[in-house]
Amino acid sequence: MKQDATRNAAYTVDCEDYVHVVEFNPFESGDSGNLIAYGGNNYVVVGTCTFQVSVQNFRGFISRLKMGLFLFFLASRFCTSAADLKIRLFTSDLQDKNEYKVLEGHSDFINGLVFDPKEGQEIASVSDDHTCRIWNLEGIQIAHFVLHSPGMSVCWHPEETFKLMVAEKNGTIRFYDLLAQQAILSLESEQMPLMSAHWCLKNTFRVGAVAGNDWLIWDITRSSYPQDKRPVHMDRACLFRWSTINENLFATTGYPGKMASQFQIHHLGHPQPILIGSVAVGSGLSWHRTLPLCAIGGDHKLLFWVTEM
């Protein structure tokens with residue numbers, strides 16, 4: 001791993017193709033917090049990162065699998081979705097045994113996937129086909145919610161796993177009770193298009209999103225409208241992710257496909273971004289589970305930014 005001062009990334013890892021999506025494993029399972037996966041047009045790579053005080057080593061790729069544009073982890077299981085509109089649920093020993101099941105039902109592009117965080121027995125997905133679907137590990141669809149516009153993001157409550165958050169492109173974010181199979185709360189951004197939203201796992205009263213050029217923050221105990229919002233990306237905002245270790249820290253990215261996609265880290269106690277970076281045609285955004293460190297995919301690269309708490 002080498003220093004990359006020109007793009008303000010702390011470190012980079014060379015990849016053999018364009019990286020569309022990157023995810024650290026967010027679940028507590030032994031040393032699996034150091035697992036990272038990234039995907040491109042026809043591949044997924046799973047690897048391990050070794051971190052001490054700062055990023056010091058990226059230790060080889062330990063498994064390579066076909067297919068995937070969007071992926072999400074659960075220890076030795078992960079999901080991908082691709083342009084064929086299918087979800088693939090992989091089970092791997094991260095050595096040489098790789099199996100997968102195909103989950104079919106969506107009729108348009110899939111924008112988000114997530115495992116339930118407690119037991120890992122269910123998967124939620126959202127799509128441009130105006131649906132959110134819940135699947136079990138056998139690949140059977142067990143719930144189906146009709147949306148009013150394309151589903152852009154989906155998040156599970158970290159403790160109360162019968163609660164699910166779904167963000168729609170029309171600017172509405174809804175919370176669903178999976179036991180009653182109905183919406184119980186909604187938030188409004190009053191801006192379109194809403195491209196990404198995320199539930200703050202350190203403070204589940206907080207929700208963040210990017211819509212248009214702005215980031216927006218809600219306190220769901222106070223109002224269905226944002227408590228704070230600020231312009232952040234001139235070329236339209238694309239992704240929003242809360243830090244997994246600090247409820248005031250989050251990251252946003254500009255729209256990929258530009259010559260230089262802007263990346264920013266924000267702290268709610270500061271009026272300006274605390275870190276601004278740039279990455280050629282950047283895509284994907286993920287925080288390490290226990291460190292103030294972000295990963296972004298780029299053109300034949302993975303890039304890592306480290307920030308202060």
# chains A, B, ... in the order shown; residues from 1 in each chain; ligands from 1
$ select_by_dssp --residues "stretch 102-132 of chain A" --states "strand (DSSP E or B)" --output "list in words"
Val102, Leu103, Ile110, Asn111, Gly112, Leu113, Val114, Phe115, Glu122, Ile123, Ala124, Ser125, Val126, Ser127, Thr131 and Cys132 of chain A
$ write_last_selection --atoms "C-alpha atoms" --output "mmCIF file, in the first residue's frame"
data_model
loop_
_atom_site.group_PDB
_atom_site.id
_atom_site.type_symbol
_atom_site.label_atom_id
_atom_site.label_comp_id
_atom_site.auth_asym_id
_atom_site.auth_seq_id
_atom_site.Cartn_x
_atom_site.Cartn_y
_atom_site.Cartn_z
ATOM 1 C CA VAL A 102 -30.214 -16.713 -7.266
ATOM 2 C CA LEU A 103 -33.055 -14.560 -5.896
ATOM 3 C CA ILE A 110 -31.560 -3.045 -7.700
ATOM 4 C CA ASN A 111 -30.150 -0.091 -5.768
ATOM 5 C CA GLY A 112 -29.712 -1.475 -2.260
ATOM 6 C CA LEU A 113 -29.237 -4.724 -0.326
ATOM 7 C CA VAL A 114 -28.874 -5.368 3.388
ATOM 8 C CA PHE A 115 -28.884 -8.352 5.764
ATOM 9 C CA GLU A 122 -33.281 -12.198 6.040
ATOM 10 C CA ILE A 123 -32.266 -9.827 3.231
ATOM 11 C CA ALA A 124 -33.971 -6.592 2.198
ATOM 12 C CA SER A 125 -33.656 -5.113 -1.293
ATOM 13 C CA VAL A 126 -34.930 -1.974 -3.045
ATOM 14 C CA SER A 127 -35.198 -1.344 -6.750
ATOM 15 C CA THR A 131 -40.627 -2.161 -4.607
ATOM 16 C CA CYS A 132 -38.889 -3.202 -1.413
#
$ residues_around --residues "A:Asn170" --least-positions-apart "5" --cutoff "7 Å" --atoms "only C-alpha atoms" --output "ChimeraX atom specification"
/A:149,192-194
$ residues_around --residues "A:Gly171" --least-positions-apart "4" --cutoff "9 Å" --atoms "only C-alpha atoms" --output "list in words"
Ala167, Leu187, Glu188, Ser189, Glu190, Gln191, Met192, Pro193, Leu194, Met195 and Ala211 of chain A
$ atom_distance --atom1 "atom CA of A:Gly39" --atom2 "atom CA of A:Ile142"
27.4 Å
$ residues_around --residues "A:Thr253" --least-positions-apart "5" --cutoff "12 Å" --atoms "only C-alpha atoms" --output "JSON, numbers by chain"
{"A": [195, 196, 209, 210, 211, 213, 214, 215, 232, 233, 234, 235, 236, 237, 238, 239, 240, 241, 258, 260, 261, 262, 263, 264, 265, 266, 273, 275, 276, 277, 278, 279, 280, 281, 282, 283, 284, 285, 286, 294, 295, 296, 297]}
$ residues_around --residues "A:Thr91" --least-positions-apart "4" --cutoff "10 Å" --atoms "only C-alpha atoms" --output "list in words"
Leu74, Ala75, Ser76, Arg77, Phe78, Cys79, Lys97, Asn98, Glu99, Tyr100 and Lys101 of chain A
$ write_last_selection --atoms "all heavy atoms" --output "compact mmCIF listing (two decimals), in the first residue's frame"
# COMPACT_ATOMS: atom_id res chain seq x y z
N LEU A 74 -22.40 -10.46 5.26
CA LEU A 74 -22.68 -11.05 6.57
C LEU A 74 -21.66 -12.16 6.78
O LEU A 74 -21.89 -13.30 6.37
CB LEU A 74 -24.09 -11.59 6.68
CG LEU A 74 -24.39 -12.23 8.05
CD1 LEU A 74 -24.36 -11.17 9.13
CD2 LEU A 74 -25.71 -12.94 8.06
N ALA A 75 -20.51 -11.81 7.37
CA ALA A 75 -19.44 -12.76 7.63
C ALA A 75 -19.10 -13.54 6.37
O ALA A 75 -18.62 -12.97 5.40
CB ALA A 75 -19.80 -13.68 8.79
N SER A 76 -19.34 -14.87 6.33
CA SER A 76 -18.97 -15.66 5.15
C SER A 76 -20.08 -15.68 4.11
O SER A 76 -20.01 -16.44 3.14
CB SER A 76 -18.65 -17.10 5.58
OG SER A 76 -19.76 -17.69 6.19
N ARG A 77 -21.12 -14.88 4.30
CA ARG A 77 -22.16 -14.72 3.28
C ARG A 77 -22.14 -13.29 2.78
O ARG A 77 -21.88 -12.36 3.52
CB ARG A 77 -23.56 -15.00 3.84
CG ARG A 77 -23.82 -16.42 4.25
CD ARG A 77 -25.32 -16.61 4.46
NE ARG A 77 -25.59 -17.90 5.08
CZ ARG A 77 -25.86 -18.06 6.36
NH1 ARG A 77 -25.91 -17.01 7.15
NH2 ARG A 77 -26.11 -19.25 6.85
N PHE A 78 -22.42 -13.12 1.50
CA PHE A 78 -22.65 -11.78 1.00
C PHE A 78 -23.56 -11.85 -0.21
O PHE A 78 -23.71 -12.89 -0.85
CB PHE A 78 -21.34 -11.04 0.69
CG PHE A 78 -20.47 -11.69 -0.35
CD1 PHE A 78 -20.61 -11.37 -1.69
CD2 PHE A 78 -19.50 -12.61 0.02
CE1 PHE A 78 -19.80 -11.95 -2.65
CE2 PHE A 78 -18.69 -13.21 -0.93
CZ PHE A 78 -18.84 -12.88 -2.27
N CYS A 79 -24.19 -10.71 -0.49
CA CYS A 79 -25.12 -10.60 -1.61
C CYS A 79 -24.56 -9.69 -2.68
O CYS A 79 -23.86 -8.72 -2.38
CB CYS A 79 -26.46 -10.01 -1.15
SG CYS A 79 -27.55 -11.22 -0.42
N LYS A 97 -14.17 -22.72 -1.72
CA LYS A 97 -15.54 -23.20 -1.81
C LYS A 97 -16.49 -22.01 -1.89
O LYS A 97 -16.65 -21.27 -0.92
CB LYS A 97 -15.89 -24.07 -0.60
CG LYS A 97 -17.31 -24.66 -0.68
CD LYS A 97 -17.63 -25.50 0.54
CE LYS A 97 -19.05 -26.06 0.45
NZ LYS A 97 -19.40 -26.85 1.66
N ASN A 98 -17.08 -21.81 -3.05
CA ASN A 98 -17.98 -20.68 -3.28
C ASN A 98 -19.27 -21.20 -3.90
O ASN A 98 -19.26 -21.81 -4.97
CB ASN A 98 -17.34 -19.66 -4.22
CG ASN A 98 -16.00 -19.17 -3.71
OD1 ASN A 98 -15.89 -18.75 -2.57
ND2 ASN A 98 -14.97 -19.23 -4.55
N GLU A 99 -20.39 -20.96 -3.22
CA GLU A 99 -21.69 -21.37 -3.73
C GLU A 99 -22.62 -20.17 -3.71
O GLU A 99 -22.43 -19.22 -2.93
CB GLU A 99 -22.27 -22.49 -2.85
CG GLU A 99 -21.38 -23.74 -2.79
CD GLU A 99 -21.90 -24.76 -1.79
OE1 GLU A 99 -22.76 -24.37 -0.95
OE2 GLU A 99 -21.45 -25.91 -1.84
N TYR A 100 -23.64 -20.20 -4.56
CA TYR A 100 -24.59 -19.09 -4.53
C TYR A 100 -25.98 -19.56 -4.94
O TYR A 100 -26.15 -20.55 -5.64
CB TYR A 100 -24.14 -17.92 -5.41
CG TYR A 100 -24.16 -18.17 -6.90
CD1 TYR A 100 -25.32 -17.94 -7.65
CD2 TYR A 100 -23.02 -18.61 -7.56
CE1 TYR A 100 -25.34 -18.14 -9.02
CE2 TYR A 100 -23.03 -18.82 -8.92
CZ TYR A 100 -24.19 -18.58 -9.65
OH TYR A 100 -24.20 -18.79 -11.01
N LYS A 101 -26.97 -18.78 -4.44
CA LYS A 101 -28.36 -18.96 -4.84
C LYS A 101 -28.81 -17.69 -5.55
O LYS A 101 -28.38 -16.59 -5.21
CB LYS A 101 -29.26 -19.20 -3.62
CG LYS A 101 -28.98 -20.51 -2.91
CD LYS A 101 -29.89 -20.65 -1.69
CE LYS A 101 -29.60 -21.97 -0.98
NZ LYS A 101 -30.42 -22.12 0.24
$ atom_distance --atom1 "atom CA of A:His144" --atom2 "atom CA of A:Tyr43"
28.8 Å
$ residues_around --residues "A:Phe162" --least-positions-apart "5" --cutoff "8 Å" --atoms "only C-alpha atoms" --output "PyMOL selection string"
chain A and resi 157+176-179
$ write_last_selection --atoms "C-alpha atoms" --output "PDB file, in the first residue's frame"
ATOM      1  CA  HIS A 157     -32.659  -1.037  12.722  1.00  0.00           C
ATOM      2  CA  TYR A 176     -41.868  -0.092   8.033  1.00  0.00           C
ATOM      3  CA  ASP A 177     -43.015  -2.475  10.746  1.00  0.00           C
ATOM      4  CA  LEU A 178     -42.199  -5.891   9.300  1.00  0.00           C
ATOM      5  CA  LEU A 179     -44.490  -7.678  11.756  1.00  0.00           C
TER       6      LEU A 179
END
